[in-house]
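Asks: Sharing input30.cif, mmCIF, C-alpha atoms:
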data_coords
#
loop_
_atom_site.group_PDB
_atom_site.id
_atom_site.type_symbol
_atom_site.label_atom_id
_atom_site.label_comp_id
_atom_site.auth_asym_id
_atom_site.auth_seq_id
_atom_site.Cartn_x
_atom_site.Cartn_y
_atom_site.Cartn_z
ATOM 1 C CA MET A 1 0.000 0.000 0.000
ATOM 2 C CA ARG A 2 2.891 2.341 0.760
ATOM 3 C CA ILE A 3 4.235 1.854 -2.757
ATOM 4 C CA LEU A 4 0.849 2.573 -4.333
ATOM 5 C CA SER A 5 0.417 5.655 -2.143
ATOM 6 C CA THR A 6 3.837 6.984 -3.161
ATOM 7 C CA ALA A 7 3.065 6.417 -6.843
ATOM 8 C CA LEU A 8 -0.316 8.105 -6.474
ATOM 9 C CA ILE A 9 1.208 11.124 -4.713
ATOM 10 C CA THR A 10 3.831 11.422 -7.443
ATOM 11 C CA ALA A 11 1.220 11.283 -10.193
ATOM 12 C CA LEU A 12 -0.952 13.835 -8.391
ATOM 13 C CA ALA A 13 2.045 16.154 -7.953
ATOM 14 C CA ILE A 14 2.692 16.006 -11.686
ATOM 15 C CA THR A 15 -0.995 16.745 -12.312
ATOM 16 C CA VAL A 16 -0.953 19.781 -10.008
ATOM 17 C CA ILE A 17 2.134 21.159 -11.741
ATOM 18 C CA ALA A 18 0.544 20.638 -15.151
ATOM 19 C CA ALA A 19 -2.848 22.083 -14.172
ATOM 20 C CA CYS A 20 -1.967 25.654 -14.971
ATOM 21 C CA SER A 21 -5.067 26.743 -16.880
ATOM 22 C CA THR A 22 -8.814 26.979 -16.402
ATOM 23 C CA SER A 23 -11.773 26.088 -18.601
ATOM 24 C CA PRO A 24 -14.461 28.571 -19.715
ATOM 25 C CA THR A 25 -16.516 27.569 -16.666
ATOM 26 C CA GLY A 26 -13.593 28.104 -14.274
ATOM 27 C CA ARG A 27 -12.626 24.457 -13.834
ATOM 28 C CA SER A 28 -8.908 23.680 -13.453
ATOM 29 C CA GLN A 29 -7.489 21.892 -16.482
ATOM 30 C CA VAL A 30 -4.501 19.767 -17.377
ATOM 31 C CA LYS A 31 -3.219 20.672 -20.854
ATOM 32 C CA LEU A 32 0.160 19.358 -21.937
ATOM 33 C CA PHE A 33 -0.100 19.840 -25.698
ATOM 34 C CA SER A 34 -0.016 22.914 -27.937
ATOM 35 C CA SER A 35 -3.102 24.211 -29.745
ATOM 36 C CA ASP A 36 -1.226 23.973 -33.037
ATOM 37 C CA ARG A 37 -0.673 20.264 -32.510
ATOM 38 C CA LEU A 38 -4.347 19.682 -31.663
ATOM 39 C CA ASN A 39 -5.482 21.716 -34.685
ATOM 40 C CA SER A 40 -3.228 19.686 -36.950
ATOM 41 C CA MET A 41 -4.473 16.404 -35.502
ATOM 42 C CA GLY A 42 -8.099 17.521 -35.867
ATOM 43 C CA SER A 43 -7.613 18.496 -39.501
ATOM 44 C CA GLN A 44 -5.898 15.201 -40.302
ATOM 45 C CA THR A 45 -8.617 13.172 -38.598
ATOM 46 C CA PHE A 46 -11.360 15.074 -40.412
ATOM 47 C CA ALA A 47 -9.665 14.584 -43.778
ATOM 48 C CA SER A 48 -9.495 10.838 -43.128
ATOM 49 C CA LEU A 49 -13.158 10.688 -42.123
ATOM 50 C CA LYS A 50 -14.180 12.355 -45.379
ATOM 51 C CA THR A 51 -12.450 9.615 -47.346
ATOM 52 C CA GLU A 52 -13.589 6.722 -45.153
ATOM 53 C CA GLN A 53 -17.240 7.668 -44.652
ATOM 54 C CA LYS A 54 -19.980 8.617 -47.057
ATOM 55 C CA VAL A 55 -20.560 12.375 -47.297
ATOM 56 C CA SER A 56 -24.130 13.502 -47.901
ATOM 57 C CA THR A 57 -24.778 15.144 -51.253
ATOM 58 C CA LYS A 58 -28.341 16.173 -50.406
ATOM 59 C CA ARG A 59 -28.540 19.912 -50.898
ATOM 60 C CA ILE A 60 -31.339 20.493 -48.393
ATOM 61 C CA GLU A 61 -29.551 18.594 -45.587
ATOM 62 C CA ASN A 62 -26.294 20.403 -46.206
ATOM 63 C CA GLN A 63 -27.909 23.846 -46.391
ATOM 64 C CA TYR A 64 -29.851 23.176 -43.196
ATOM 65 C CA VAL A 65 -26.812 22.110 -41.158
ATOM 66 C CA GLN A 66 -24.656 24.886 -42.648
ATOM 67 C CA CYS A 67 -27.314 27.464 -41.751
ATOM 68 C CA ILE A 68 -27.187 26.452 -38.097
ATOM 69 C CA ALA A 69 -23.384 26.407 -38.103
ATOM 70 C CA ASP A 70 -23.295 29.865 -39.697
ATOM 71 C CA ALA A 71 -25.496 31.183 -36.893
ATOM 72 C CA LEU A 72 -23.360 29.638 -34.128
ATOM 73 C CA ILE A 73 -19.840 30.285 -35.426
ATOM 74 C CA PRO A 74 -19.779 34.104 -34.977
ATOM 75 C CA PHE A 75 -20.280 33.580 -31.232
ATOM 76 C CA ILE A 76 -17.407 31.155 -30.746
ATOM 77 C CA PRO A 77 -14.836 32.915 -28.524
ATOM 78 C CA ALA A 78 -11.940 34.527 -30.351
ATOM 79 C CA GLY A 79 -8.822 32.416 -30.358
ATOM 80 C CA THR A 80 -10.649 29.074 -30.434
ATOM 81 C CA PHE A 81 -9.855 28.806 -34.140
ATOM 82 C CA ASP A 82 -8.888 31.743 -36.340
ATOM 83 C CA GLY A 83 -9.581 30.187 -39.746
ATOM 84 C CA GLU A 84 -12.745 29.252 -41.618
ATOM 85 C CA TRP A 85 -14.810 26.463 -40.080
ATOM 86 C CA GLU A 86 -15.606 23.466 -42.270
ATOM 87 C CA VAL A 87 -18.970 21.720 -41.901
ATOM 88 C CA VAL A 88 -19.706 18.278 -43.357
ATOM 89 C CA VAL A 89 -22.852 16.130 -43.209
ATOM 90 C CA PHE A 90 -22.064 12.413 -43.145
ATOM 91 C CA ASP A 91 -24.642 10.041 -44.622
ATOM 92 C CA ASP A 92 -24.769 7.635 -41.711
ATOM 93 C CA GLU A 93 -27.579 6.511 -39.389
ATOM 94 C CA GLN A 94 -25.577 6.855 -36.186
ATOM 95 C CA ILE A 95 -27.113 9.353 -33.796
ATOM 96 C CA ASN A 96 -24.113 11.579 -33.413
ATOM 97 C CA ALA A 97 -22.244 14.757 -34.294
ATOM 98 C CA PHE A 98 -18.781 16.041 -33.436
ATOM 99 C CA ALA A 99 -16.430 18.993 -33.647
ATOM 100 C CA LEU A 100 -12.650 18.844 -33.816
ATOM 101 C CA PRO A 101 -9.823 21.298 -33.176
ATOM 102 C CA GLY A 102 -8.858 23.011 -36.391
ATOM 103 C CA GLY A 103 -12.376 24.292 -37.107
ATOM 104 C CA LYS A 104 -14.118 21.062 -38.125
ATOM 105 C CA ILE A 105 -17.780 20.133 -37.554
ATOM 106 C CA GLY A 106 -19.326 16.816 -38.562
ATOM 107 C CA VAL A 107 -23.019 15.927 -38.369
ATOM 108 C CA TYR A 108 -24.393 12.456 -39.044
ATOM 109 C CA THR A 109 -27.773 12.195 -40.752
ATOM 110 C CA GLY A 110 -28.985 9.918 -37.946
ATOM 111 C CA ILE A 111 -29.023 12.811 -35.478
ATOM 112 C CA LEU A 112 -31.391 14.725 -37.745
ATOM 113 C CA LYS A 113 -34.138 12.270 -36.833
ATOM 114 C CA VAL A 114 -33.665 12.833 -33.101
ATOM 115 C CA ALA A 115 -33.007 16.585 -33.195
ATOM 116 C CA GLN A 116 -36.441 17.372 -34.538
ATOM 117 C CA THR A 117 -36.166 21.169 -34.749
ATOM 118 C CA PRO A 118 -33.449 23.662 -35.741
ATOM 119 C CA ASP A 119 -33.139 24.713 -32.083
ATOM 120 C CA GLN A 120 -32.581 21.117 -30.992
ATOM 121 C CA LEU A 121 -29.949 20.564 -33.673
ATOM 122 C CA ALA A 122 -28.305 23.836 -32.596
ATOM 123 C CA SER A 123 -28.068 22.433 -29.072
ATOM 124 C CA VAL A 124 -26.271 19.341 -30.423
ATOM 125 C CA MET A 125 -23.858 21.342 -32.558
ATOM 126 C CA GLY A 126 -23.312 23.919 -29.823
ATOM 127 C CA HIS A 127 -22.445 21.127 -27.411
ATOM 128 C CA GLU A 128 -19.899 19.650 -29.823
ATOM 129 C CA ILE A 129 -18.329 23.048 -30.482
ATOM 130 C CA GLY A 130 -18.189 23.459 -26.703
ATOM 131 C CA HIS A 131 -15.696 20.591 -26.530
ATOM 132 C CA VAL A 132 -13.392 22.521 -28.864
ATOM 133 C CA ILE A 133 -13.874 25.817 -27.024
ATOM 134 C CA ALA A 134 -12.930 24.161 -23.723
ATOM 135 C CA GLU A 135 -10.040 22.223 -25.318
ATOM 136 C CA HIS A 136 -11.324 18.923 -23.998
ATOM 137 C CA GLY A 137 -9.319 16.990 -26.600
ATOM 138 C CA ASN A 138 -6.101 18.425 -25.200
ATOM 139 C CA GLU A 139 -7.215 17.631 -21.675
ATOM 140 C CA ARG A 140 -8.199 14.025 -22.498
ATOM 141 C CA MET A 141 -4.833 13.379 -24.123
ATOM 142 C CA SER A 142 -3.055 14.976 -21.176
ATOM 143 C CA ILE A 143 -4.993 12.965 -18.581
ATOM 144 C CA ALA A 144 -4.315 9.754 -20.488
ATOM 145 C CA THR A 145 -0.611 10.602 -20.575
ATOM 146 C CA LEU A 146 -0.515 11.277 -16.831
ATOM 147 C CA SER A 147 -2.562 8.161 -16.028
ATOM 148 C CA ASN A 148 -0.152 6.015 -18.012
ATOM 149 C CA LEU A 149 2.769 7.678 -16.239
ATOM 150 C CA GLY A 150 1.190 6.931 -12.870
ATOM 151 C CA LEU A 151 0.745 3.271 -13.813
ATOM 152 C CA GLN A 152 4.355 3.066 -14.984
ATOM 153 C CA ILE A 153 5.559 4.543 -11.696
ATOM 154 C CA THR A 154 3.412 2.050 -9.796
ATOM 155 C CA ASN A 155 4.791 -0.839 -11.842
ATOM 156 C CA VAL A 156 8.391 0.204 -11.220
ATOM 157 C CA GLY A 157 7.702 0.595 -7.505
ATOM 158 C CA LEU A 158 6.174 -2.872 -7.245
ATOM 159 C CA LYS A 159 9.124 -4.449 -9.038
ATOM 160 C CA SER A 160 11.682 -2.633 -6.893
ATOM 161 C CA ALA A 161 9.852 -3.797 -3.747
ATOM 162 C CA GLY A 162 10.148 -7.423 -4.852
ATOM 163 C CA VAL A 163 6.417 -8.042 -5.194
ATOM 164 C CA THR A 164 5.744 -11.418 -6.819
ATOM 165 C CA ASP A 165 4.591 -11.469 -10.440
ATOM 166 C CA SER A 166 1.120 -12.769 -9.563
ATOM 167 C CA ASN A 167 0.532 -10.136 -6.879
ATOM 168 C CA GLN A 168 2.024 -7.483 -9.119
ATOM 169 C CA ALA A 169 -0.458 -8.365 -11.877
ATOM 170 C CA LEU A 170 -3.369 -8.153 -9.433
ATOM 171 C CA MET A 171 -2.216 -4.821 -8.043
ATOM 172 C CA MET A 172 -1.647 -3.356 -11.519
ATOM 173 C CA ALA A 173 -5.116 -4.481 -12.551
ATOM 174 C CA GLY A 174 -6.503 -2.711 -9.494
ATOM 175 C CA ALA A 175 -4.521 0.419 -10.305
ATOM 176 C CA GLY A 176 -5.849 0.315 -13.868
ATOM 177 C CA LEU A 177 -9.439 0.099 -12.623
ATOM 178 C CA LEU A 178 -8.763 2.964 -10.213
ATOM 179 C CA ALA A 179 -7.440 5.108 -13.073
ATOM 180 C CA GLN A 180 -10.409 4.244 -15.291
ATOM 181 C CA TYR A 181 -13.257 4.664 -12.801
ATOM 182 C CA GLY A 182 -11.622 7.178 -10.483
ATOM 183 C CA VAL A 183 -10.019 9.491 -13.044
ATOM 184 C CA ASN A 184 -10.795 8.902 -16.719
ATOM 185 C CA LEU A 185 -14.568 8.381 -16.605
ATOM 186 C CA PRO A 186 -15.282 11.183 -14.095
ATOM 187 C CA PHE A 187 -13.237 13.600 -16.227
ATOM 188 C CA SER A 188 -15.121 12.512 -19.341
ATOM 189 C CA ARG A 189 -18.496 13.094 -17.644
ATOM 190 C CA ALA A 190 -17.271 16.498 -16.447
ATOM 191 C CA HIS A 191 -16.357 17.384 -20.036
ATOM 192 C CA GLU A 192 -19.807 16.425 -21.298
ATOM 193 C CA SER A 193 -21.575 18.449 -18.611
ATOM 194 C CA GLU A 194 -19.310 21.431 -19.256
ATOM 195 C CA SER A 195 -19.957 21.257 -23.014
ATOM 196 C CA ASP A 196 -23.691 21.134 -22.355
ATOM 197 C CA LEU A 197 -23.437 24.472 -20.541
ATOM 198 C CA ILE A 198 -21.090 26.052 -23.094
ATOM 199 C CA GLY A 199 -23.349 24.885 -25.919
ATOM 200 C CA LEU A 200 -26.389 26.305 -24.123
ATOM 201 C CA GLN A 201 -24.684 29.695 -23.869
ATOM 202 C CA LEU A 202 -23.607 29.549 -27.506
ATOM 203 C CA MET A 203 -27.031 28.668 -28.904
ATOM 204 C CA ALA A 204 -28.722 31.356 -26.806
ATOM 205 C CA LYS A 205 -26.376 34.068 -28.074
ATOM 206 C CA ALA A 206 -27.029 32.885 -31.646
ATOM 207 C CA GLY A 207 -30.793 33.180 -31.161
ATOM 208 C CA PHE A 208 -31.767 29.526 -30.742
ATOM 209 C CA ASP A 209 -34.271 28.724 -27.969
ATOM 210 C CA PRO A 210 -32.374 27.232 -24.970
ATOM 211 C CA ASN A 211 -35.479 25.284 -23.960
ATOM 212 C CA ALA A 212 -34.754 23.009 -26.922
ATOM 213 C CA ALA A 213 -31.639 21.609 -25.208
ATOM 214 C CA PRO A 214 -33.400 19.541 -22.530
ATOM 215 C CA GLN A 215 -36.047 18.616 -25.107
ATOM 216 C CA LEU A 216 -33.285 17.176 -27.289
ATOM 217 C CA TRP A 217 -32.067 14.981 -24.435
ATOM 218 C CA GLU A 218 -35.594 13.799 -23.758
ATOM 219 C CA ASN A 219 -35.660 12.678 -27.395
ATOM 220 C CA MET A 220 -32.262 11.024 -26.965
ATOM 221 C CA ALA A 221 -33.485 9.172 -23.874
ATOM 222 C CA ALA A 222 -36.451 7.836 -25.857
ATOM 223 C CA ALA A 223 -34.226 6.851 -28.804
ATOM 224 C CA THR A 224 -31.733 4.957 -26.624
ATOM 225 C CA ALA A 225 -34.111 3.553 -23.993
ATOM 226 C CA GLY A 226 -32.509 0.722 -22.033
ATOM 227 C CA LYS A 227 -29.198 0.933 -23.906
ATOM 228 C CA ALA A 228 -27.227 3.274 -21.637
ATOM 229 C CA PRO A 229 -24.927 1.894 -18.905
ATOM 230 C CA PRO A 230 -25.144 3.181 -15.313
ATOM 231 C CA GLU A 231 -23.776 6.716 -15.059
ATOM 232 C CA TRP A 232 -20.735 5.680 -12.981
ATOM 233 C CA GLN A 233 -19.691 3.272 -15.748
ATOM 234 C CA SER A 234 -20.258 5.734 -18.572
ATOM 235 C CA THR A 235 -18.267 8.416 -20.345
ATOM 236 C CA HIS A 236 -21.432 10.568 -20.316
ATOM 237 C CA PRO A 237 -23.804 11.763 -17.594
ATOM 238 C CA SER A 238 -27.184 10.061 -17.604
ATOM 239 C CA HIS A 239 -29.945 11.598 -19.694
ATOM 240 C CA ASP A 240 -31.823 12.544 -16.510
ATOM 241 C CA THR A 241 -28.767 14.339 -15.120
ATOM 242 C CA ARG A 242 -28.241 16.273 -18.330
ATOM 243 C CA ILE A 243 -31.890 17.266 -18.593
ATOM 244 C CA ALA A 244 -31.970 18.481 -14.989
ATOM 245 C CA ASP A 245 -28.694 20.428 -15.315
ATOM 246 C CA LEU A 246 -29.767 22.085 -18.563
ATOM 247 C CA LYS A 247 -33.155 23.098 -17.171
ATOM 248 C CA ALA A 248 -31.423 24.611 -14.142
ATOM 249 C CA ALA A 249 -29.068 26.621 -16.388
ATOM 250 C CA ILE A 250 -31.676 27.961 -18.813
ATOM 251 C CA PRO A 251 -32.616 31.058 -16.733
ATOM 252 C CA SER A 252 -28.991 32.245 -16.833
ATOM 253 C CA VAL A 253 -28.895 32.292 -20.663
ATOM 254 C CA MET A 254 -32.426 33.471 -21.454
ATOM 255 C CA PRO A 255 -31.424 37.169 -21.409
ATOM 256 C CA ASP A 256 -28.975 36.490 -24.262
ATOM 257 C CA TYR A 257 -31.646 34.659 -26.228
ATOM 258 C CA LEU A 258 -34.280 37.333 -25.691
ATOM 259 C CA ALA A 259 -31.802 40.051 -26.704
ATOM 260 C CA VAL A 260 -31.489 38.583 -30.223
ATOM 261 C CA THR A 261 -33.969 40.527 -32.322
ATOM 262 C CA LYS A 262 -33.435 38.561 -35.542
ATOM 263 C CA LYS A 263 -33.600 34.855 -34.866
ATOM 264 C CA PRO A 264 -31.967 32.347 -37.284
ATOM 265 C CA ASN A 265 -34.268 31.053 -40.005
ATOM 266 C CA CYS A 266 -32.891 27.572 -40.688
ATOM 267 C CA LYS A 267 -35.353 25.169 -42.255
ATOM 268 C CA PRO A 268 -34.952 21.371 -42.315
#
Show how you would write the structure in this file as structure tokens.
Replies:
Amino acid sequence: MRILSTALITALAITVIAACSTSPTGRSQVKLFSSDRLNSMGSQTFASLKTEQKVSTKRIENQYVQCIADALIPFIPAGTFDGEWEVVVFDDEQINAFALPGGKIGVYTGILKVAQTPDQLASVMGHEIGHVIAEHGNERMSIATLSNLGLQITNVGLKSAGVTDSNQALMMAGAGLLAQYGVNLPFSRAHESESDLIGLQLMAKAGFDPNAAPQLWENMAAATAGKAPPEWQSTHPSHDTRIADLKAAIPSVMPDYLAVTKKPNCKP
């Protein structure tokens, strides 16, 4: 136990040293990689996706998604990405969308059946852009790097203490579970909740009704009924948690929404 405690303290010390920035909501972050590197990786990944997956050629779908993106993009904080954002609709039934560093937004046609209104789709896209705004990709890579370092330190400590191979394997398995359920998954759920709030702020400033955000997650709950794991085992908060958190945050963004005199006119 002393060895594991020493390894944990060492890993935490490294984390504290690295946690020198804060997210848009004021949460401390660990970011070890440069924005340029993340932008390059995002652009490369997006280019590969466009060759590996079918891109929709339906004019109405593309115009609809682009209209919502065009309304949201002007309200993305300066410095998130200084170039022109690229938006692609992928012809795929998965209920998903994403945004990547480097100004990339992807929307799968499957989400268009769940996001039943422009405001609901804006909540999805705003959420995904929120991940980029908060640099969650950088943070996930950094946390993974530190977790692996902590496991390596633990492994070296066990070997130096003369722990038998069988006990060492058991203890490393326990350390791996601790890293997964005590660090990686909680951070992932925190990212999702944070992006929900950032996306809510973004859609409100763009003139999309914030009330559509919890409605979207009610639709998602119906579409995935019985398929979601318990929240503590998941990378995402439960649908009920997200709905409750979004409803609680709506009053704080309604002034921005009501201040928009010319609402977006995006038609599916």
Asks: Which residues match the PyMOL selection byres ((chain A and resi 119) around 9) in the file above, as a VMD selection string?
Replies: chain A and resid 68 115 to 118 120 to 124 203 207 to 213 216
Asks: Export C-alpha atoms of the chosen residues as a CSV table (one decimal), in the coordinates of the input?
Replies:
chain,number,residue,atom,x,y,z
A,68,ILE,CA,-27.2,26.5,-38.1
A,115,ALA,CA,-33.0,16.6,-33.2
A,116,GLN,CA,-36.4,17.4,-34.5
A,117,THR,CA,-36.2,21.2,-34.7
A,118,PRO,CA,-33.4,23.7,-35.7
A,120,GLN,CA,-32.6,21.1,-31.0
A,121,LEU,CA,-29.9,20.6,-33.7
A,122,ALA,CA,-28.3,23.8,-32.6
A,123,SER,CA,-28.1,22.4,-29.1
A,124,VAL,CA,-26.3,19.3,-30.4
A,203,MET,CA,-27.0,28.7,-28.9
A,207,GLY,CA,-30.8,33.2,-31.2
A,208,PHE,CA,-31.8,29.5,-30.7
A,209,ASP,CA,-34.3,28.7,-28.0
A,210,PRO,CA,-32.4,27.2,-25.0
A,211,ASN,CA,-35.5,25.3,-24.0
A,212,ALA,CA,-34.8,23.0,-26.9
A,213,ALA,CA,-31.6,21.6,-25.2
A,216,LEU,CA,-33.3,17.2,-27.3
Asks: List the neighbours of Gln53 (chain A) out to 9 Å using only C-alpha atoms; skip same-chain residues closer than 6 positions along the sequence, and give me the result as a PyMOL selection string.
Replies: chain A and resi 90-92
Asks: Selected by the PyMOL selection byres ((chain A and resi 107) around 10) in the shown coordinates: which residues, as a PyMOL selection string?
Replies: chain A and resi 55-56+62+65+87-92+94-99+105-106+108-112+121+124-125+128
Asks: Now that the selection is made, can you save its residues with C-alpha atoms as a CSV table (one decimal), keeping the file's coordinate frame?
Replies:
chain,number,residue,atom,x,y,z
A,55,VAL,CA,-20.6,12.4,-47.3
A,56,SER,CA,-24.1,13.5,-47.9
A,62,ASN,CA,-26.3,20.4,-46.2
A,65,VAL,CA,-26.8,22.1,-41.2
A,87,VAL,CA,-19.0,21.7,-41.9
A,88,VAL,CA,-19.7,18.3,-43.4
A,89,VAL,CA,-22.9,16.1,-43.2
A,90,PHE,CA,-22.1,12.4,-43.1
A,91,ASP,CA,-24.6,10.0,-44.6
A,92,ASP,CA,-24.8,7.6,-41.7
A,94,GLN,CA,-25.6,6.9,-36.2
A,95,ILE,CA,-27.1,9.4,-33.8
A,96,ASN,CA,-24.1,11.6,-33.4
A,97,ALA,CA,-22.2,14.8,-34.3
A,98,PHE,CA,-18.8,16.0,-33.4
A,99,ALA,CA,-16.4,19.0,-33.6
A,105,ILE,CA,-17.8,20.1,-37.6
A,106,GLY,CA,-19.3,16.8,-38.6
A,108,TYR,CA,-24.4,12.5,-39.0
A,109,THR,CA,-27.8,12.2,-40.8
A,110,GLY,CA,-29.0,9.9,-37.9
A,111,ILE,CA,-29.0,12.8,-35.5
A,112,LEU,CA,-31.4,14.7,-37.7
A,121,LEU,CA,-29.9,20.6,-33.7
A,124,VAL,CA,-26.3,19.3,-30.4
A,125,MET,CA,-23.9,21.3,-32.6
A,128,GLU,CA,-19.9,19.6,-29.8
Asks: Convert the output of the PyMOL selection byres ((chain A and resi 102) around 10) on the shown file into explicit residues, formatted as a PyMOL selection string.
Replies: chain A and resi 35-44+46+80-86+99-101+103-105+132
Asks: Suppose you want the space between CA of Gly79 (chain A) and CA of His191 (chain A); what is it in Å?
Replies: 19.7 Å
Asks: From the list A:Leu258, A:Ala206, A:Val114, A:Leu32, which residue is nearest Glu135 (chain A) when using only C-alpha atoms?
Replies: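 When distances to Glu135 (chain A) are compared using only C-alpha atoms, the smallest one comes from A:Leu32.
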Asks: Nearest to Lys262 (chain A): which of A:Ser195, A:Ser48, A:Lys205, A:Arg27 is it, counting only C-alpha atoms?
Replies: A:Lys205
Asks: If I take CA of Gln215 (chain A) and CA of Ile243 (chain A), how far is one from the other in Å, to one decimal?
Replies: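 Value for the CA of Gln215 (chain A)-CA of Ile243 (chain A) distance: 7.8 Å.
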Asks: Using all atoms of region 138-145 of chain A listed in the file and a margin of 5 Å per side, can you give the axis-aligned box centre and edge lengths in Å to one decimal, as lines of an AutoDock Vina configuration file?
Replies:
center_x = -4.4
center_y = 14.1
center_z = -21.9
size_x = 17.6
size_y = 18.7
size_z = 16.6
